[in-house]
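Engineer: Just so it is clear, I am handing over entry-v1.cif, which has mmCIF, C-alpha atoms; chains and numbers go by the auth columns.
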```
data_upload
#
loop_
_atom_site.group_PDB
_atom_site.id
_atom_site.type_symbol
_atom_site.label_atom_id
_atom_site.label_comp_id
_atom_site.label_asym_id
_atom_site.label_seq_id
_atom_site.Cartn_x
_atom_site.Cartn_y
_atom_site.Cartn_z
_atom_site.B_iso_or_equiv
_atom_site.auth_seq_id
_atom_site.auth_asym_id
ATOM 1 C CA MET A 1 -4.066 -1.793 2.764 0.00 1 A
ATOM 2 C CA ILE A 2 -4.625 1.941 2.378 0.00 2 A
ATOM 3 C CA GLY A 3 -7.115 3.528 4.731 0.00 3 A
ATOM 4 C CA ASP A 4 -7.636 0.347 6.800 0.00 4 A
ATOM 5 C CA TYR A 5 -7.121 2.196 10.079 0.00 5 A
ATOM 6 C CA ARG A 6 -8.564 0.558 13.169 0.00 6 A
ATOM 7 C CA PRO A 7 -8.788 2.563 16.391 0.00 7 A
ATOM 8 C CA GLY A 8 -6.936 1.026 19.302 0.00 8 A
ATOM 9 C CA THR A 9 -4.891 1.682 22.402 0.00 9 A
ATOM 10 C CA THR A 10 -1.786 -0.400 21.678 0.00 10 A
ATOM 11 C CA TRP A 11 1.660 1.196 21.835 0.00 11 A
ATOM 12 C CA MET A 12 1.790 0.944 18.046 0.00 12 A
ATOM 13 C CA HIS A 13 -1.312 3.140 17.865 0.00 13 A
ATOM 14 C CA ARG A 14 0.274 5.638 20.240 0.00 14 A
ATOM 15 C CA LEU A 15 3.547 5.967 18.343 0.00 15 A
ATOM 16 C CA PRO A 16 3.783 9.102 16.154 0.00 16 A
ATOM 17 C CA ALA A 17 3.155 8.515 12.454 0.00 17 A
ATOM 18 C CA GLY A 18 6.570 9.921 11.550 0.00 18 A
ATOM 19 C CA THR A 19 8.327 7.486 13.876 0.00 19 A
ATOM 20 C CA LYS A 20 6.518 4.547 12.286 0.00 20 A
ATOM 21 C CA LEU A 21 7.347 5.745 8.777 0.00 21 A
ATOM 22 C CA VAL A 22 11.044 6.103 9.620 0.00 22 A
ATOM 23 C CA ALA A 23 11.048 2.681 11.283 0.00 23 A
ATOM 24 C CA LEU A 24 9.431 1.072 8.235 0.00 24 A
ATOM 25 C CA PHE A 25 11.997 2.759 5.978 0.00 25 A
ATOM 26 C CA ALA A 26 14.874 1.581 8.187 0.00 26 A
ATOM 27 C CA ILE A 27 13.567 -1.990 8.318 0.00 27 A
ATOM 28 C CA GLY A 28 13.173 -1.964 4.546 0.00 28 A
ATOM 29 C CA ILE A 29 16.837 -1.050 4.148 0.00 29 A
ATOM 30 C CA ALA A 30 17.841 -3.630 6.757 0.00 30 A
ATOM 31 C CA THR A 31 16.121 -6.418 4.807 0.00 31 A
ATOM 32 C CA LEU A 32 18.275 -5.524 1.814 0.00 32 A
ATOM 33 C CA VAL A 33 21.506 -5.382 3.825 0.00 33 A
ATOM 34 C CA VAL A 34 21.059 -8.392 6.124 0.00 34 A
ATOM 35 C CA ARG A 35 21.043 -11.504 3.958 0.00 35 A
ATOM 36 C CA GLY A 36 19.979 -15.072 4.581 0.00 36 A
ATOM 37 C CA PRO A 37 16.764 -17.037 5.122 0.00 37 A
ATOM 38 C CA LEU A 38 17.062 -16.935 8.913 0.00 38 A
ATOM 39 C CA ALA A 39 17.039 -13.125 8.939 0.00 39 A
ATOM 40 C CA SER A 40 14.025 -13.109 6.611 0.00 40 A
ATOM 41 C CA MET A 41 12.113 -15.549 8.794 0.00 41 A
ATOM 42 C CA ALA A 42 12.980 -13.489 11.879 0.00 42 A
ATOM 43 C CA ALA A 43 11.665 -10.318 10.202 0.00 43 A
ATOM 44 C CA LEU A 44 8.515 -12.165 9.136 0.00 44 A
ATOM 45 C CA ALA A 45 7.957 -13.452 12.669 0.00 45 A
ATOM 46 C CA VAL A 46 8.328 -9.930 14.098 0.00 46 A
ATOM 47 C CA ALA A 47 5.876 -8.589 11.507 0.00 47 A
ATOM 48 C CA ILE A 48 3.321 -11.275 12.382 0.00 48 A
ATOM 49 C CA VAL A 49 3.630 -10.591 16.122 0.00 49 A
ATOM 50 C CA LEU A 50 3.227 -6.829 15.596 0.00 50 A
ATOM 51 C CA LEU A 51 0.189 -7.331 13.384 0.00 51 A
ATOM 52 C CA ILE A 52 -1.478 -9.688 15.877 0.00 52 A
ATOM 53 C CA TRP A 53 -0.740 -7.168 18.622 0.00 53 A
ATOM 54 C CA SER A 54 -2.165 -4.302 16.556 0.00 54 A
ATOM 55 C CA THR A 55 -5.327 -5.998 15.274 0.00 55 A
ATOM 56 C CA GLY A 56 -6.033 -8.644 17.875 0.00 56 A
ATOM 57 C CA PRO A 57 -5.941 -12.417 17.324 0.00 57 A
ATOM 58 C CA THR A 58 -9.536 -12.576 16.057 0.00 58 A
ATOM 59 C CA SER A 59 -9.001 -10.022 13.274 0.00 59 A
ATOM 60 C CA PHE A 60 -5.487 -11.102 12.325 0.00 60 A
ATOM 61 C CA LEU A 61 -6.363 -13.674 9.652 0.00 61 A
ATOM 62 C CA GLY A 62 -8.881 -11.431 7.881 0.00 62 A
ATOM 63 C CA THR A 63 -6.430 -8.527 7.878 0.00 63 A
ATOM 64 C CA VAL A 64 -3.660 -10.696 6.431 0.00 64 A
ATOM 65 C CA LEU A 65 -5.889 -12.066 3.675 0.00 65 A
ATOM 66 C CA ARG A 66 -7.055 -8.575 2.697 0.00 66 A
ATOM 67 C CA SER A 67 -3.550 -7.131 2.636 0.00 67 A
ATOM 68 C CA LEU A 68 -1.841 -10.033 0.885 0.00 68 A
ATOM 69 C CA ARG A 69 -4.478 -11.284 -1.547 0.00 69 A
ATOM 70 C CA GLY A 70 -2.947 -9.239 -4.372 0.00 70 A
ATOM 71 C CA LEU A 71 0.530 -10.601 -3.571 0.00 71 A
ATOM 72 C CA LEU A 72 -0.137 -14.281 -2.989 0.00 72 A
ATOM 73 C CA ILE A 73 -0.028 -15.430 -6.623 0.00 73 A
ATOM 74 C CA MET A 74 3.021 -13.295 -7.373 0.00 74 A
ATOM 75 C CA VAL A 75 4.806 -14.528 -4.238 0.00 75 A
ATOM 76 C CA ALA A 76 4.040 -18.171 -5.061 0.00 76 A
ATOM 77 C CA LEU A 77 5.378 -17.780 -8.598 0.00 77 A
ATOM 78 C CA LEU A 78 8.421 -15.895 -7.354 0.00 78 A
ATOM 79 C CA PHE A 79 9.131 -18.573 -4.770 0.00 79 A
ATOM 80 C CA ALA A 80 8.972 -21.320 -7.401 0.00 80 A
ATOM 81 C CA TRP A 81 11.199 -19.337 -9.774 0.00 81 A
ATOM 82 C CA GLN A 82 13.805 -18.519 -7.130 0.00 82 A
ATOM 83 C CA ALA A 83 13.846 -22.098 -5.857 0.00 83 A
ATOM 84 C CA TRP A 84 14.450 -23.355 -9.386 0.00 84 A
ATOM 85 C CA GLN A 85 17.070 -20.752 -10.302 0.00 85 A
ATOM 86 C CA SER A 86 18.911 -20.140 -7.027 0.00 86 A
ATOM 87 C CA GLY A 87 17.834 -22.825 -4.571 0.00 87 A
ATOM 88 C CA TRP A 88 15.528 -23.005 -1.563 0.00 88 A
ATOM 89 C CA PRO A 89 17.483 -20.693 0.767 0.00 89 A
ATOM 90 C CA ARG A 90 17.349 -17.828 -1.733 0.00 90 A
ATOM 91 C CA ALA A 91 13.638 -18.429 -2.384 0.00 91 A
ATOM 92 C CA VAL A 92 12.850 -18.383 1.333 0.00 92 A
ATOM 93 C CA GLU A 93 14.885 -15.202 1.793 0.00 93 A
ATOM 94 C CA THR A 94 13.236 -13.328 -1.087 0.00 94 A
ATOM 95 C CA VAL A 95 9.665 -14.315 -0.278 0.00 95 A
ATOM 96 C CA GLY A 96 10.204 -13.832 3.456 0.00 96 A
ATOM 97 C CA ASP A 97 11.461 -10.273 2.906 0.00 97 A
ATOM 98 C CA ILE A 98 8.485 -9.392 0.691 0.00 98 A
ATOM 99 C CA LEU A 99 5.903 -10.821 3.100 0.00 99 A
ATOM 100 C CA ALA A 100 7.572 -9.214 6.125 0.00 100 A
ATOM 101 C CA LEU A 101 7.556 -5.760 4.520 0.00 101 A
ATOM 102 C CA ALA A 102 3.966 -6.172 3.328 0.00 102 A
ATOM 103 C CA LEU A 103 2.816 -7.119 6.829 0.00 103 A
ATOM 104 C CA LEU A 104 4.806 -4.286 8.426 0.00 104 A
ATOM 105 C CA ALA A 105 3.178 -1.863 5.980 0.00 105 A
ATOM 106 C CA THR A 106 -0.173 -3.318 7.074 0.00 106 A
ATOM 107 C CA VAL A 107 0.754 -2.662 10.704 0.00 107 A
ATOM 108 C CA LEU A 108 1.418 0.949 9.731 0.00 108 A
ATOM 109 C CA THR A 109 -1.923 1.391 7.978 0.00 109 A
ATOM 110 C CA VAL A 110 -4.075 -0.297 10.644 0.00 110 A
ATOM 111 C CA THR A 111 -2.508 1.746 13.454 0.00 111 A
ATOM 112 C CA THR A 112 -2.194 5.143 11.742 0.00 112 A
ATOM 113 C CA ARG A 113 -4.790 7.493 10.280 0.00 113 A
ATOM 114 C CA VAL A 114 -4.231 8.551 6.683 0.00 114 A
ATOM 115 C CA ASP A 115 -4.337 12.216 7.688 0.00 115 A
ATOM 116 C CA ASP A 116 -1.615 11.606 10.291 0.00 116 A
ATOM 117 C CA LEU A 117 0.546 9.913 7.658 0.00 117 A
ATOM 118 C CA LEU A 118 0.117 12.852 5.285 0.00 118 A
ATOM 119 C CA GLU A 119 0.987 15.334 8.036 0.00 119 A
ATOM 120 C CA ALA A 120 4.110 13.335 8.884 0.00 120 A
ATOM 121 C CA ILE A 121 5.182 13.251 5.234 0.00 121 A
ATOM 122 C CA THR A 122 4.611 16.996 4.912 0.00 122 A
ATOM 123 C CA ALA A 123 6.583 17.730 8.088 0.00 123 A
ATOM 124 C CA GLY A 124 9.427 15.482 6.966 0.00 124 A
ATOM 125 C CA LEU A 125 9.685 17.196 3.589 0.00 125 A
ATOM 126 C CA ARG A 126 9.530 20.789 4.828 0.00 126 A
ATOM 127 C CA PRO A 127 13.327 21.076 5.338 0.00 127 A
ATOM 128 C CA LEU A 128 13.689 20.418 1.593 0.00 128 A
ATOM 129 C CA ARG A 129 12.000 23.727 0.789 0.00 129 A
ATOM 130 C CA ARG A 130 15.477 25.238 0.714 0.00 130 A
ATOM 131 C CA VAL A 131 16.148 23.278 -2.476 0.00 131 A
ATOM 132 C CA GLY A 132 12.818 24.241 -4.046 0.00 132 A
ATOM 133 C CA LEU A 133 10.611 21.311 -2.985 0.00 133 A
ATOM 134 C CA ASP A 134 7.018 22.228 -2.137 0.00 134 A
ATOM 135 C CA ALA A 135 6.149 19.895 0.742 0.00 135 A
ATOM 136 C CA ASP A 136 2.459 20.785 0.646 0.00 136 A
ATOM 137 C CA ARG A 137 2.186 19.842 -3.019 0.00 137 A
ATOM 138 C CA VAL A 138 3.925 16.541 -2.392 0.00 138 A
ATOM 139 C CA ALA A 139 1.478 15.827 0.429 0.00 139 A
ATOM 140 C CA LEU A 140 -1.397 16.757 -1.889 0.00 140 A
ATOM 141 C CA THR A 141 -0.045 14.284 -4.445 0.00 141 A
ATOM 142 C CA PHE A 142 0.007 11.536 -1.834 0.00 142 A
ATOM 143 C CA ALA A 143 -3.531 12.428 -0.742 0.00 143 A
ATOM 144 C CA LEU A 144 -4.850 12.364 -4.302 0.00 144 A
ATOM 145 C CA THR A 145 -3.160 9.026 -4.942 0.00 145 A
ATOM 146 C CA ILE A 146 -4.563 7.477 -1.777 0.00 146 A
ATOM 147 C CA ARG A 147 -8.063 8.649 -2.629 0.00 147 A
ATOM 148 C CA ALA A 148 -7.748 7.673 -6.288 0.00 148 A
ATOM 149 C CA ILE A 149 -6.971 4.001 -5.638 0.00 149 A
ATOM 150 C CA PRO A 150 -10.338 3.017 -4.099 0.00 150 A
ATOM 151 C CA ALA A 151 -12.160 5.299 -6.550 0.00 151 A
ATOM 152 C CA THR A 152 -10.472 3.573 -9.504 0.00 152 A
ATOM 153 C CA LEU A 153 -11.309 0.137 -8.104 0.00 153 A
ATOM 154 C CA GLU A 154 -14.918 1.262 -7.728 0.00 154 A
ATOM 155 C CA LEU A 155 -14.996 2.387 -11.368 0.00 155 A
ATOM 156 C CA ALA A 156 -13.602 -0.981 -12.434 0.00 156 A
ATOM 157 C CA GLU A 157 -16.333 -2.804 -10.533 0.00 157 A
ATOM 158 C CA GLU A 158 -19.074 -0.551 -11.928 0.00 158 A
ATOM 159 C CA THR A 159 -17.779 -1.111 -15.467 0.00 159 A
ATOM 160 C CA ARG A 160 -17.693 -4.853 -14.915 0.00 160 A
ATOM 161 C CA ARG A 161 -21.288 -4.875 -13.684 0.00 161 A
ATOM 162 C CA ALA A 162 -22.417 -2.736 -16.620 0.00 162 A
ATOM 163 C CA ALA A 163 -20.789 -5.121 -19.110 0.00 163 A
ATOM 164 C CA GLN A 164 -22.332 -8.085 -17.320 0.00 164 A
ATOM 165 C CA ALA A 165 -25.796 -6.503 -17.504 0.00 165 A
ATOM 166 C CA ARG A 166 -25.411 -6.208 -21.283 0.00 166 A
ATOM 167 C CA GLY A 167 -24.208 -9.800 -21.578 0.00 167 A
ATOM 168 C CA LEU A 168 -20.704 -8.684 -22.607 0.00 168 A
ATOM 169 C CA GLU A 169 -18.739 -9.794 -19.564 0.00 169 A
ATOM 170 C CA ARG A 170 -16.465 -11.951 -21.756 0.00 170 A
ATOM 171 C CA ASP A 171 -15.674 -9.112 -24.166 0.00 171 A
ATOM 172 C CA PRO A 172 -12.536 -7.283 -22.906 0.00 172 A
ATOM 173 C CA ARG A 173 -13.341 -4.220 -25.024 0.00 173 A
ATOM 174 C CA ALA A 174 -16.717 -3.823 -23.306 0.00 174 A
ATOM 175 C CA ARG A 175 -14.927 -3.586 -19.977 0.00 175 A
ATOM 176 C CA LEU A 176 -11.587 -1.974 -20.776 0.00 176 A
ATOM 177 C CA THR A 177 -12.673 0.868 -23.086 0.00 177 A
ATOM 178 C CA PRO A 178 -15.404 2.344 -20.812 0.00 178 A
ATOM 179 C CA PHE A 179 -13.146 1.889 -17.801 0.00 179 A
ATOM 180 C CA VAL A 180 -10.258 3.815 -19.358 0.00 180 A
ATOM 181 C CA ILE A 181 -12.590 6.577 -20.548 0.00 181 A
ATOM 182 C CA ARG A 182 -14.121 6.956 -17.086 0.00 182 A
ATOM 183 C CA VAL A 183 -10.747 6.987 -15.337 0.00 183 A
ATOM 184 C CA VAL A 184 -9.411 9.654 -17.703 0.00 184 A
ATOM 185 C CA ALA A 185 -12.608 11.692 -17.292 0.00 185 A
ATOM 186 C CA ARG A 186 -12.319 11.554 -13.509 0.00 186 A
ATOM 187 C CA ALA A 187 -8.666 12.604 -13.680 0.00 187 A
ATOM 188 C CA HIS A 188 -9.629 15.508 -15.954 0.00 188 A
ATOM 189 C CA ASP A 189 -12.384 16.590 -13.544 0.00 189 A
ATOM 190 C CA THR A 190 -9.968 16.398 -10.603 0.00 190 A
ATOM 191 C CA GLY A 191 -7.416 18.510 -12.494 0.00 191 A
ATOM 192 C CA ALA A 192 -10.085 21.072 -13.380 0.00 192 A
ATOM 193 C CA ALA A 193 -11.229 21.267 -9.748 0.00 193 A
ATOM 194 C CA LEU A 194 -7.661 21.791 -8.531 0.00 194 A
ATOM 195 C CA HIS A 195 -7.053 24.446 -11.198 0.00 195 A
ATOM 196 C CA ALA A 196 -10.248 26.242 -10.167 0.00 196 A
ATOM 197 C CA ARG A 197 -8.875 26.412 -6.628 0.00 197 A
ATOM 198 C CA GLY A 198 -5.587 27.889 -7.811 0.00 198 A
ATOM 199 C CA VAL A 199 -3.524 24.706 -7.447 0.00 199 A
ATOM 200 C CA GLY A 200 -1.025 24.284 -10.264 0.00 200 A
ATOM 201 C CA ASP A 201 -1.153 27.845 -11.607 0.00 201 A
#
```
Written as structure tokens, how would this file's structure read?
Structural biologist:
Amino acid sequence: MIGDYRPGTTWMHRLPAGTKLVALFAIGIATLVVRGPLASMAALAVAIVLLIWSTGPTSFLGTVLRSLRGLLIMVALLFAWQAWQSGWPRAVETVGDILALALLATVLTVTTRVDDLLEAITAGLRPLRRVGLDADRVALTFALTIRAIPATLELAEETRRAAQARGLERDPRARLTPFVIRVVARAHDTGAALHARGVGD
């Protein structure tokens, strides 16, 4: 979901990033406070409408599949477990809340630039400087994390292809060991670059 911004002119695109972050936070709390399957289905319906409005009907399905593909298996297993342990209403409520929040987070990412999100986070944290929090460093941490996720996925794919070229795609050590080494090496290089620029002294 990260970095999947799509330019547009909808009112969701025009809302300030900080407003959308606060709204997502408030809705997240509301899903925990307001109980019941009907409330979950209502939140899911609102999330679907907002996502269709933000992406357009033609791009909606592709956006949903990209944003939820990592959750689908977990959600299916969770639904089955909750239905068995606590009944259908509880399963519908739990899964509905998760899907609604995931889709609302997707609305945030497709309508907001990453840089705008980071600026909003930095601005929101600046009042905490009085208690010793460095808002700029927190924003830098978010930025590094956002950029590290696709880079790590790229390393995983490169390692997989390298193992496949050597005929070792079924050997977990041929994929896991080089991948871990490369991730650690990249983290070390990033730390050295930040230190060279005076960050973290």
Engineer: Between atom CA of A:Arg69 and atom CA of A:Val114, what is the distance in Å, rounded to a tenth?
Structural biologist: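 Pair atom CA of A:Arg69 / atom CA of A:Val114 returns 21.5 Å.
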Engineer: Using the chain letters and numbers from the file, give me the residues hit by the PyMOL selection byres ((chain A and resi 53) around 12), as a list in words.
Structural biologist: Gly8, Thr9, Thr10, Trp11, Met12, His13, Val46, Ala47, Ile48, Val49, Leu50, Leu51, Ile52, Ser54, Thr55, Gly56, Pro57, Thr58, Ser59, Phe60, Leu104, Val107, Val110 and Thr111 of chain A
Engineer: Given the choices A:Gly18, A:Gly28, A:Gly96, A:Gly124, which gets closest to A:Ala139 if the distance is worked out from only C-alpha atoms?
Structural biologist: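 With only C-alpha atoms as the atom set, the closest residue is A:Gly124.
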Engineer: Report as a list in words all protein, DNA and RNA residues lying within 9 Å of A:Asp97, evaluated on only C-alpha atoms, omitting residues in the same chain fewer than 5 positions from it.
Structural biologist: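 Within the cut-off, the hits are Gly28, Thr31, Leu32, Pro37, Ala39, Ser40, Met41, Ala43, Leu44, Val92 and Ala102 of chain A.
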Engineer: Residues as selected, C-alpha atoms, written as an mmCIF file, in the frame of the given file, can you do that?
Structural biologist:
```cif
data_model
loop_
_atom_site.group_PDB
_atom_site.id
_atom_site.type_symbol
_atom_site.label_atom_id
_atom_site.label_comp_id
_atom_site.auth_asym_id
_atom_site.auth_seq_id
_atom_site.Cartn_x
_atom_site.Cartn_y
_atom_site.Cartn_z
ATOM 1 C CA GLY A 28 13.173 -1.964 4.546
ATOM 2 C CA THR A 31 16.121 -6.418 4.807
ATOM 3 C CA LEU A 32 18.275 -5.524 1.814
ATOM 4 C CA PRO A 37 16.764 -17.037 5.122
ATOM 5 C CA ALA A 39 17.039 -13.125 8.939
ATOM 6 C CA SER A 40 14.025 -13.109 6.611
ATOM 7 C CA MET A 41 12.113 -15.549 8.794
ATOM 8 C CA ALA A 43 11.665 -10.318 10.202
ATOM 9 C CA LEU A 44 8.515 -12.165 9.136
ATOM 10 C CA VAL A 92 12.850 -18.383 1.333
ATOM 11 C CA ALA A 102 3.966 -6.172 3.328
#
```
Engineer: Counting all atoms listed in the file, what is within 9 Å of stretch 146-162 of chain A, bar same-chain residues fewer than 5 positions away, as a PyMOL selection string?
Structural biologist: chain A and resi 2-3+114+141+167-169+174-176+178-179+182-183+187
Engineer: Please indicate the distance in Å from atom CA of A:Val34 to atom CA of A:Pro16, rounded to one decimal place.
Structural biologist: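 Separation between atom CA of A:Val34 and atom CA of A:Pro16: 26.6 Å.
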Engineer: Skipping near chain neighbours, those fewer than 4 positions away, what residues fall within 9 Å of A:Thr122 using all atoms listed in the file, listed as a list in words?
Structural biologist: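 Within the cut-off, the hits are Leu117, Leu118, Arg126, Ala135, Asp136, Arg137, Val138 and Ala139 of chain A.
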Engineer: Any idea what the distance is between atom CA of A:Asp116 and atom CA of A:Leu21?
Structural biologist: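 So the two atoms, atom CA of A:Asp116 and atom CA of A:Leu21, lie 10.8 Å apart.
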Engineer: Choose the residue, out of A:Ala165, A:Ala123, A:Leu140, A:Ala17, that has the smallest atom-to-atom separation from A:Thr109; count only C-alpha atoms.
Structural biologist: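 Closest to A:Thr109, using only C-alpha atoms: A:Ala17.
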Engineer: Nearest residue to A:Arg35 out of A:Ala91, A:Leu108, A:Leu128, A:Ala120, using all atoms listed in the file?
Structural biologist: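 Smallest distance to A:Arg35 is found for A:Ala91.
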Engineer: With only C-alpha atoms as the basis for distance, which of A:Ala192, A:Leu78, A:Asp171, A:Arg130 is at the shortest distance from A:Glu93?
Structural biologist: A:Leu78
Engineer: Taking every listed atom of stretch 68-83 of chain A and adding 4 Å to each side, what centre and edge lengths in Å (one decimal) does the axis-aligned box have, as AutoDock Vina command-line options?
Structural biologist:
```
--center_x 4.7 --center_y -15.7 --center_z -4.4 --size_x 26.3 --size_y 20.9 --size_z 18.7
```
Engineer: From the list A:Ile73, A:Gly36, A:Leu61, A:Ala26, which residue is nearest A:Arg90 when using all atoms listed in the file?
Structural biologist: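 Checking each candidate against A:Arg90, we get A:Gly36 as the closest.
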Engineer: My list of candidates is A:Thr106, A:Ala185, A:Ala80, A:Arg129. Which is closest to A:Gly62 when distances are computed with all atoms listed in the file?
Structural biologist: A:Thr106
Engineer: Exactly which residues make up the result of the PyMOL selection byres ((chain A and resi 68) around 12) on this file, given as a list in words?
Structural biologist: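 Selection result, ordered by chain and number: Met1, Leu61, Gly62, Thr63, Val64, Leu65, Arg66, Ser67, Arg69, Gly70, Leu71, Leu72, Ile73, Met74, Val75, Ala76, Ile98, Leu99, Ala100, Leu101, Ala102, Leu103, Leu104, Ala105 and Thr106 of chain A.
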